[in-house]
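Shown below: work-v7.txt, with compact mmCIF, C-alpha atoms.
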# COMPACT_ATOMS: atom_id res chain seq x y z
CA MET F 1 75.19 122.55 84.67
CA ASN F 2 77.35 122.93 81.59
CA SER F 3 81.12 122.61 81.82
CA VAL F 4 82.79 125.26 84.03
CA ASN F 5 79.51 127.15 84.45
CA TRP F 6 80.37 127.23 88.15
CA LEU F 7 82.91 129.91 87.18
CA THR F 8 80.04 132.31 86.59
CA GLY F 9 80.03 132.92 90.33
CA PHE F 10 83.80 132.78 90.82
CA CYS F 11 85.28 134.20 87.66
CA CYS F 12 88.24 136.39 88.62
CA LEU F 13 90.96 133.82 88.06
CA CYS F 14 93.99 135.66 86.75
CA ALA F 15 96.49 136.45 89.49
CA ALA F 16 97.43 139.65 87.71
CA ALA F 17 93.86 140.90 87.54
CA THR F 18 92.77 143.91 89.53
CA ALA F 19 89.05 143.71 88.79
CA ILE F 20 87.14 142.22 91.71
CA SER F 21 84.31 139.81 90.98
CA HIS F 22 84.02 138.51 94.54
CA PRO F 23 85.48 139.62 97.87
CA SER F 24 88.53 137.99 99.41
CA SER F 25 89.00 134.75 101.33
CA GLY F 26 92.61 135.33 102.38
CA ILE F 27 93.37 135.26 106.12
CA VAL F 28 96.39 133.96 108.06
CA VAL F 29 97.66 134.23 111.65
CA ASN F 30 101.37 134.05 112.46
CA GLU F 31 103.07 132.67 115.56
CA ARG F 32 102.97 136.11 117.22
CA GLY F 33 99.19 136.16 116.96
CA GLU F 34 99.17 138.87 114.28
CA VAL F 35 96.19 138.50 111.94
CA PHE F 36 96.62 139.33 108.27
CA PHE F 37 93.63 139.46 105.95
CA VAL F 38 93.02 140.60 102.40
CA HIS F 39 90.87 143.71 102.28
CA SER F 40 89.81 143.56 98.64
CA GLY F 41 90.38 146.86 96.91
CA ARG F 42 92.74 148.10 99.63
CA GLY F 43 95.43 145.45 100.09
CA LEU F 44 96.82 143.45 103.00
CA ALA F 45 95.54 144.46 106.44
CA LYS F 46 97.43 143.57 109.62
CA LEU F 47 95.75 143.37 113.01
CA GLU F 48 98.13 143.31 115.97
CA SER F 49 97.94 140.54 118.54
CA GLY F 50 94.92 141.08 120.75
CA GLY F 51 93.16 143.25 118.16
CA MET F 52 89.96 144.83 119.37
CA THR F 53 88.32 144.17 122.68
CA SER F 54 86.25 141.00 122.92
CA THR F 55 82.92 142.57 122.10
CA SER F 56 80.64 142.98 119.14
CA SER F 57 79.78 146.54 120.13
CA PRO F 58 79.59 148.82 117.06
CA SER F 59 81.83 151.27 118.93
CA HIS F 60 84.73 148.95 118.19
CA ALA F 61 84.13 148.89 114.44
CA ILE F 62 86.52 150.78 112.17
CA ASP F 63 84.98 153.54 110.12
CA LEU F 64 87.15 154.26 107.09
CA GLY F 65 84.29 156.13 105.49
CA ARG F 66 84.48 159.14 107.79
CA GLY F 67 87.90 160.73 107.81
CA GLY F 68 89.81 157.49 107.25
CA THR F 69 90.51 157.08 110.97
CA ARG F 70 91.52 153.73 112.39
CA PRO F 71 93.01 152.54 115.67
CA SER F 72 96.72 151.82 115.89
CA GLN F 73 96.08 148.06 115.95
CA LEU F 74 95.18 147.99 112.23
CA THR F 75 97.68 148.83 109.49
CA TYR F 76 98.03 148.07 105.80
CA THR F 77 101.31 146.38 104.86
CA HIS F 78 100.64 145.99 101.12
CA GLN F 79 98.49 148.08 98.80
CA SER F 80 96.44 146.50 96.02
CA THR F 81 93.30 147.39 94.12
CA GLY F 82 92.58 143.67 93.72
CA GLY F 83 93.22 141.03 96.33
CA HIS F 84 91.70 137.62 97.01
CA TRP F 85 93.96 134.99 98.63
CA LEU F 86 96.83 134.75 101.05
CA CYS F 87 99.07 132.07 102.56
CA LEU F 88 101.92 131.68 105.02
CA ASP F 89 105.25 130.26 103.85
CA PRO F 90 106.34 128.93 107.27
CA ASN F 91 109.92 128.00 106.43
CA GLY F 92 110.52 130.86 104.02
CA SER F 93 110.93 128.79 100.86
CA PHE F 94 110.11 131.93 98.87
CA SER F 95 111.55 134.44 101.35
CA ARG F 96 114.30 135.45 98.92
CA THR F 97 112.45 135.10 95.63
CA GLN F 98 109.18 136.16 94.04
CA PRO F 99 106.86 133.31 93.01
CA LYS F 100 105.55 133.44 89.46
CA HIS F 101 101.97 134.79 89.23
CA PHE F 102 101.95 135.89 92.89
CA ALA F 103 103.68 138.32 95.24
CA ARG F 104 105.74 137.81 98.37
CA VAL F 105 104.74 140.84 100.41
CA THR F 106 107.05 140.39 103.40
CA PRO F 107 110.60 141.84 103.29
CA GLU F 108 113.33 139.69 101.77
CA GLY F 109 114.56 137.01 104.15
CA VAL F 110 111.69 137.30 106.63
CA ARG F 111 110.22 134.01 107.88
CA PRO F 112 107.46 133.09 107.74
CA ALA F 113 106.96 134.77 104.40
CA ILE F 114 103.50 135.88 103.31
CA ILE F 115 102.38 135.29 99.73
CA PHE F 116 99.56 137.38 98.27
CA ALA F 117 97.28 136.54 95.35
CA ASP F 118 95.73 139.49 93.55
CA GLY F 119 93.42 137.25 91.54
CA GLY F 120 91.02 134.51 92.51
CA ALA F 121 93.30 131.45 92.64
CA PRO F 122 93.56 129.82 96.09
CA ILE F 123 97.16 129.26 97.26
CA ALA F 124 99.02 127.25 99.93
CA VAL F 125 102.66 126.40 100.72
CA GLY F 126 103.03 122.70 101.41
CA ARG F 127 105.21 120.93 103.93
CA ASP F 128 107.67 120.27 101.08
CA GLY F 129 108.17 124.03 100.62
CA SER F 130 106.46 124.23 97.21
CA LEU F 131 103.68 126.71 96.43
CA TYR F 132 100.45 125.07 95.34
CA TYR F 133 97.71 127.01 93.60
CA ALA F 134 94.47 126.51 91.71
CA SER F 135 95.31 126.53 88.01
CA ASN F 136 94.05 126.07 84.48
CA TRP F 137 90.91 127.46 82.94
CA ALA F 138 89.09 126.57 79.75
CA GLY F 139 91.14 127.78 76.81
CA GLY F 140 94.03 128.99 78.98
CA ASP F 141 97.58 127.88 79.68
CA GLU F 142 97.68 124.80 81.89
CA HIS F 143 99.61 126.56 84.67
CA THR F 144 97.84 129.91 84.54
CA PRO F 145 96.05 130.58 87.85
CA GLY F 146 92.52 129.30 87.45
CA GLY F 147 90.31 126.70 89.03
CA LEU F 148 90.23 123.39 87.15
CA THR F 149 93.10 121.66 88.98
CA VAL F 150 96.15 122.37 91.19
CA SER F 151 99.68 123.26 90.05
CA ARG F 152 102.95 123.04 91.97
CA LEU F 153 105.59 125.78 91.87
CA SER F 154 108.92 124.80 93.42
CA PRO F 155 111.17 127.45 95.01
CA ASP F 156 113.51 127.17 92.02
CA GLY F 157 110.65 128.05 89.65
CA LYS F 158 109.73 124.62 88.24
CA LEU F 159 106.04 124.12 87.42
CA SER F 160 104.16 120.83 87.41
CA HIS F 161 100.68 119.41 87.92
CA VAL F 162 100.00 117.58 91.16
CA SER F 163 97.26 115.22 90.03
CA PRO F 164 95.63 114.52 86.65
CA SER F 165 92.90 112.64 88.50
CA LEU F 166 91.92 115.76 90.47
CA LYS F 167 91.09 117.59 87.26
CA ASP F 168 89.01 114.62 86.09
CA THR F 169 87.23 114.35 89.44
CA LEU F 170 86.30 118.03 89.43
CA ALA F 171 85.26 117.93 85.77
CA LYS F 172 82.81 115.11 86.50
CA LEU F 173 81.26 117.29 89.20
CA ASP F 174 81.35 120.31 86.89
CA GLU F 175 83.14 122.14 89.69
CA GLY F 176 86.56 123.62 90.37
CA VAL F 177 88.94 124.58 93.13
CA THR F 178 87.49 127.21 95.48
CA GLY F 179 89.81 126.73 98.46
CA LEU F 180 93.19 125.19 99.27
CA ALA F 181 95.07 124.40 102.49
CA ALA F 182 98.23 122.50 103.39
CA GLY F 183 98.08 119.99 106.23
CA SER F 184 100.87 119.12 108.65
CA ASP F 185 100.42 115.55 107.41
CA GLY F 186 101.87 116.58 104.03
CA LEU F 187 98.50 116.42 102.28
CA LEU F 188 96.72 119.21 100.46
CA TYR F 189 93.08 119.85 101.28
CA VAL F 190 91.05 121.04 98.31
CA ALA F 191 87.62 122.67 98.42
CA SER F 192 85.13 122.75 95.59
CA PRO F 193 81.64 124.24 95.98
CA SER F 194 80.14 120.94 97.18
CA SER F 195 83.09 118.93 98.49
CA ILE F 196 86.36 118.74 100.41
CA PHE F 197 89.09 116.45 99.05
CA LYS F 198 92.40 115.23 100.40
CA LEU F 199 95.15 115.37 97.78
CA ASN F 200 98.29 113.31 98.28
CA LEU F 201 101.38 114.64 96.54
CA ASP F 202 101.60 111.34 94.64
CA GLY F 203 98.39 112.46 92.90
CA THR F 204 95.93 110.32 94.85
CA VAL F 205 92.59 112.04 95.50
CA THR F 206 90.30 111.03 98.39
CA LEU F 207 86.91 112.50 99.19
CA LEU F 208 86.74 113.78 102.78
CA ALA F 209 83.23 115.22 102.78
CA ARG F 210 80.40 116.07 100.40
CA PRO F 211 77.53 117.33 102.53
CA ALA F 212 74.46 117.95 100.38
CA ALA F 213 73.62 120.63 102.93
CA VAL F 214 74.71 121.64 106.40
CA ALA F 215 72.43 121.95 109.40
CA ASP F 216 70.16 125.00 109.26
CA CYS F 217 71.74 126.20 106.01
CA ASP F 218 70.74 129.78 105.23
CA GLU F 219 71.31 129.25 101.52
CA ASP F 220 72.99 132.04 99.56
CA LEU F 221 74.75 130.52 96.55
CA PRO F 222 76.35 132.07 93.46
CA PRO F 223 74.92 131.04 90.08
CA ASN F 224 75.47 127.36 89.24
CA TRP F 225 77.03 126.46 92.60
CA ARG F 226 76.00 123.55 94.77
CA ALA F 227 75.59 123.83 98.53
CA PRO F 228 77.24 124.41 100.86
CA GLY F 229 79.43 126.63 98.64
CA PHE F 230 82.83 126.02 100.25
CA ARG F 231 85.63 128.60 99.96
CA GLY F 232 88.51 129.12 102.38
CA LEU F 233 89.61 126.36 104.76
CA ASP F 234 92.36 125.39 107.19
CA VAL F 235 93.48 122.13 108.76
CA ALA F 236 94.38 121.31 112.36
CA THR F 237 97.30 119.02 113.21
CA ASN F 238 94.85 116.17 113.95
CA GLY F 239 93.40 116.39 110.44
CA THR F 240 90.22 118.24 111.39
CA VAL F 241 89.19 120.70 108.68
CA TYR F 242 87.55 124.05 109.37
CA ALA F 243 85.88 125.45 106.27
CA ALA F 244 83.88 128.50 105.27
CA ALA F 245 80.58 127.22 103.88
CA THR F 246 79.99 130.58 102.24
CA GLY F 247 76.80 129.52 100.49
CA CYS F 248 75.24 128.49 103.80
CA ARG F 249 76.53 131.49 105.82
CA CYS F 250 78.41 129.29 108.29
CA VAL F 251 81.73 127.75 109.28
CA VAL F 252 81.81 123.98 109.55
CA LYS F 253 84.10 121.54 111.33
CA ILE F 254 84.88 118.32 109.47
CA THR F 255 86.58 115.48 111.33
CA SER F 256 89.15 113.22 109.68
CA ALA F 257 86.32 110.68 109.37
CA GLY F 258 84.22 113.16 107.36
CA GLN F 259 81.71 114.07 110.08
CA VAL F 260 80.36 117.60 109.53
CA THR F 261 79.11 119.95 112.26
CA THR F 262 78.33 123.66 112.22
CA LEU F 263 80.74 125.72 114.33
CA LEU F 264 79.58 129.28 113.61
CA LYS F 265 76.67 130.92 111.84
CA SER F 266 76.78 134.37 110.26
CA GLU F 267 73.73 136.60 110.34
CA ARG F 268 72.54 138.27 107.17
CA PRO F 269 74.06 140.02 105.25
CA TRP F 270 77.37 138.39 106.33
CA ASN F 271 79.04 135.33 104.77
CA PRO F 272 82.22 133.65 106.02
CA THR F 273 84.78 133.38 103.21
CA GLY F 274 88.07 132.39 104.89
CA VAL F 275 89.35 130.53 107.95
CA ALA F 276 92.71 130.44 109.77
CA LEU F 277 93.80 128.41 112.81
CA ARG F 278 96.29 129.30 115.54
CA ASP F 279 96.80 127.67 118.95
CA GLY F 280 93.33 126.14 119.03
CA ASP F 281 91.52 129.34 118.06
CA VAL F 282 89.63 129.77 114.78
CA TYR F 283 89.79 133.10 112.95
CA VAL F 284 87.04 133.81 110.45
CA LEU F 285 87.02 136.39 107.65
CA GLU F 286 83.50 137.45 106.71
CA TRP F 287 82.09 139.81 104.09
CA THR F 288 78.71 141.36 103.58
CA HIS F 289 76.94 140.03 100.48
CA ALA F 290 79.95 137.85 99.60
CA ASN F 291 78.02 135.96 96.93
CA GLY F 292 76.49 139.09 95.43
CA GLY F 293 77.98 141.86 93.34
CA ALA F 294 80.00 144.79 94.63
CA ASN F 295 76.98 147.01 94.11
CA ASP F 296 75.26 145.04 96.88
CA GLY F 297 77.86 146.42 99.29
CA TRP F 298 81.02 144.55 100.33
CA ARG F 299 82.80 145.19 103.62
CA PRO F 300 84.80 142.81 105.84
CA ARG F 301 85.04 141.83 109.45
CA VAL F 302 87.14 139.28 111.37
CA ARG F 303 85.84 137.24 114.28
CA LYS F 304 87.64 134.78 116.54
CA ILE F 305 86.21 131.56 117.95
CA ALA F 306 88.26 130.75 121.06
CA ARG F 307 88.99 127.12 121.84
CA GLY F 308 86.36 127.33 124.60
CA GLY F 309 83.72 128.44 122.08
CA THR F 310 83.55 132.15 122.89
CA VAL F 311 83.06 134.29 119.76
CA SER F 312 84.56 137.79 119.69
CA LEU F 313 84.73 140.53 117.08
CA LEU F 314 88.31 141.59 116.26
CA VAL F 315 87.66 144.15 113.57
CA GLU F 316 84.88 145.40 111.32
CA ILE F 317 85.34 147.78 108.40
CA LYS F 318 82.43 150.10 107.73
CA GLU F 319 83.63 151.40 104.38
CA GLU F 320 82.36 149.46 101.36
CA VAL F 321 84.69 148.36 98.58
CA LYS F 322 84.70 150.91 95.79
CA ARG F 323 84.23 149.84 92.18

Please express the file's structure as structure tokens.
Amino acid sequence: MNSVNWLTGFCCLCAAATAISHPSSGIVVNERGEVFFVHSGRGLAKLESGGMTSTSSPSHAIDLGRGGTRPSQLTYTHQSTGGHWLCLDPNGSFSRTQPKHFARVTPEGVRPAIIFADGGAPIAVGRDGSLYYASNWAGGDEHTPGGLTVSRLSPDGKLSHVSPSLKDTLAKLDEGVTGLAAGSDGLLYVASPSSIFKLNLDGTVTLLARPAAVADCDEDLPPNWRAPGFRGLDVATNGTVYAAATGCRCVVKITSAGQVTTLLKSERPWNPTGVALRDGDVYVLEWTHANGGANDGWRPRVRKIARGGTVSLLVEIKEEVKR
């Protein structure tokens, strides 16, 4: 692969952009059990605690294509014709300000705050209260949202790079940042198409996992990407990572020792794109044809994997994203 060719499959990198080149990965769950996910082309969707009944019956899917009806459990709290990423700001570091390049979409003063990314740059608020995001692209400003490294935005608006070595590490792989999560251990967890890294705020980069493939991979990769095609991820308090292996149509669990197992498989045409954890449960955002173009037909659903392993459908949108 030539330098940054991986961007061919992940090219919407300006946070101000409204064009959609791939569907969203943004999903979070707050302490009340409310699920928020980015419905690309519509905005920020909120699913009340409990959501749908624990069944995959089509009768519980939401049909926005016929009359725009939807049950009271689902509302839209922010409208956007773009939409890709999302993160919680647990302590409200940005609850009274608007972060550069992104949008706080919760009312002023509300904690936790929710930060929304219109473009394709993954975002996370660290334990130190700073906003971290994928930044830099070939020929662009070093702190413009992008994918070649990670930038830090402090609540008072100061910008800095976290790690020069991360950019070098990704450049050697000819890959970039495709997912980002903040751990309770103070580390950042960075996904690239083929790998998961641990990033210390002193700039140290450690490889957590680089599985050449995951078990029973149903390969569906964008151009120039390596398997398993990681995107969204989240981290448990014990350091276990749960990641959407979008290019293999599955969610994987990665222990702190780097051991990889498959937790959930998505049937065609679905791909998992984002993961959120809450109280031992795993919430998964999936899209149809996530690694294809919008003309292939994009629509989202959210499923929950309970701590006991039971999988339930919370919501499915039948209307495809309009281009």

| field | Within 7 Å of Asp234 in chain F using all atoms listed in the file, minus same-chain residues under 5 positions, as a PyMOL selection string | value | chain F and resi 181+241-243+275-277

Expected file: the selected residues, C-alpha atoms, as an mmCIF file, in the frame of the given file:
data_model
loop_
_atom_site.group_PDB
_atom_site.id
_atom_site.type_symbol
_atom_site.label_atom_id
_atom_site.label_comp_id
_atom_site.auth_asym_id
_atom_site.auth_seq_id
_atom_site.Cartn_x
_atom_site.Cartn_y
_atom_site.Cartn_z
ATOM 1 C CA ALA F 181 95.070 124.400 102.490
ATOM 2 C CA VAL F 241 89.190 120.700 108.680
ATOM 3 C CA TYR F 242 87.550 124.050 109.370
ATOM 4 C CA ALA F 243 85.880 125.450 106.270
ATOM 5 C CA VAL F 275 89.350 130.530 107.950
ATOM 6 C CA ALA F 276 92.710 130.440 109.770
ATOM 7 C CA LEU F 277 93.800 128.410 112.810
#

Give me, as a Markdown table, the closest atom pair and its distance (Å, one decimal) for every residue of range 220-307 of chain F within a cut-off of 12 Å of range 37-52 of chain F, counting only C-alpha atoms, rows sorted by chain and rising number.
| residue | atom | partner | partner_atom | distance |
| --- | --- | --- | --- | --- |
| F:Thr273 | CA | F:Val38 | CA | 11.0 |
| F:Gly274 | CA | F:Phe37 | CA | 9.1 |
| F:Val275 | CA | F:Phe37 | CA | 10.1 |
| F:Ala276 | CA | F:Phe37 | CA | 9.8 |
| F:Arg278 | CA | F:Ser49 | CA | 11.7 |
| F:Tyr283 | CA | F:Phe37 | CA | 10.2 |
| F:Val284 | CA | F:Phe37 | CA | 9.8 |
| F:Leu285 | CA | F:Phe37 | CA | 7.5 |
| F:Glu286 | CA | F:Phe37 | CA | 10.4 |
| F:Trp287 | CA | F:His39 | CA | 9.8 |
| F:Ala290 | CA | F:Ser40 | CA | 11.4 |
| F:Ala294 | CA | F:Ser40 | CA | 10.7 |
| F:Trp298 | CA | F:Ser40 | CA | 9.0 |
| F:Arg299 | CA | F:His39 | CA | 8.3 |
| F:Pro300 | CA | F:His39 | CA | 7.1 |
| F:Arg301 | CA | F:His39 | CA | 9.4 |
| F:Val302 | CA | F:Phe37 | CA | 8.5 |
| F:Arg303 | CA | F:Met52 | CA | 10.0 |
| F:Lys304 | CA | F:Gly51 | CA | 10.2 |

| query | Of the candidates F:Gly83, F:Pro107, F:Pro112, F:Gly280, which one gets nearest to Asn30 in chain F if we count all atoms listed in the file? | reply |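 Of F:Gly83, F:Pro107, F:Pro112, F:Gly280, the one nearest Asn30 in chain F, counting all atoms listed in the file, is F:Pro112.
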
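The interatomic distance for the pair CA of Ala227 in chain F and CA of Arg249 in chain F works out to 10.6 Å.
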
| said: So, with all atoms listed in the file as the atoms that count, which of F:Ala182, F:Cys248, F:Ile305, F:Val321 lies closest to Pro222 in chain F? | reply: F:Cys248

| request: Figure out the distance between CA of Thr255 in chain F and CA of Asn200 in chain F, please, to one decimal in Å. | output: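 It comes out at 17.7 Å.
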
| Computed interatomic separation between CA of Gln73 in chain F and CA of Leu314 in chain F (Å) |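 Computed distance, CA of Gln73 in chain F to CA of Leu314 in chain F, equals 10.1 Å.
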
| note | Of F:Val235, F:Lys198, F:Thr204, F:Pro99, the one nearest to Leu159 in chain F when counting all atoms listed in the file is F:Pro99

| task | Determine the nearest neighbour of Leu187 in chain F from the options F:Asp156, F:Glu31, F:Asp216, F:Asp128, counting all atoms listed in the file. | result |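 Going through F:Asp156, F:Glu31, F:Asp216, F:Asp128 one by one, the smallest distance to Leu187 in chain F is for F:Asp128.
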
| Best match for closeness to Leu180 in chain F among F:Arg226, F:Arg231, F:Lys167, F:His84, counting all atoms listed in the file | F:Arg231

| request: Have a look at F:Leu208, F:Leu86, F:Ala124, F:Cys217 and name the one nearest to Gly239 in chain F; count only C-alpha atoms. | output: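 Looking only at the distances to Gly239 in chain F, the closest residue turns out to be F:Leu208.
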
| request: List the residues sitting within 7 Å of (93.5, 127.9, 94.1) in the file's frame, using only C-alpha atoms, as a PyMOL selection string. | output: chain F and resi 121-123+133-135+146-147+150+177-180

Report, as JSON, the axis-aligned box around all atoms of range 220-235 of chain F present in the file, extended by 5 Å on each side; give centre and edge lengths in Å to one decimal place.
{"center_x": 83.2, "center_y": 127.1, "center_z": 99.0, "size_x": 30.5, "size_y": 19.9, "size_z": 29.5}
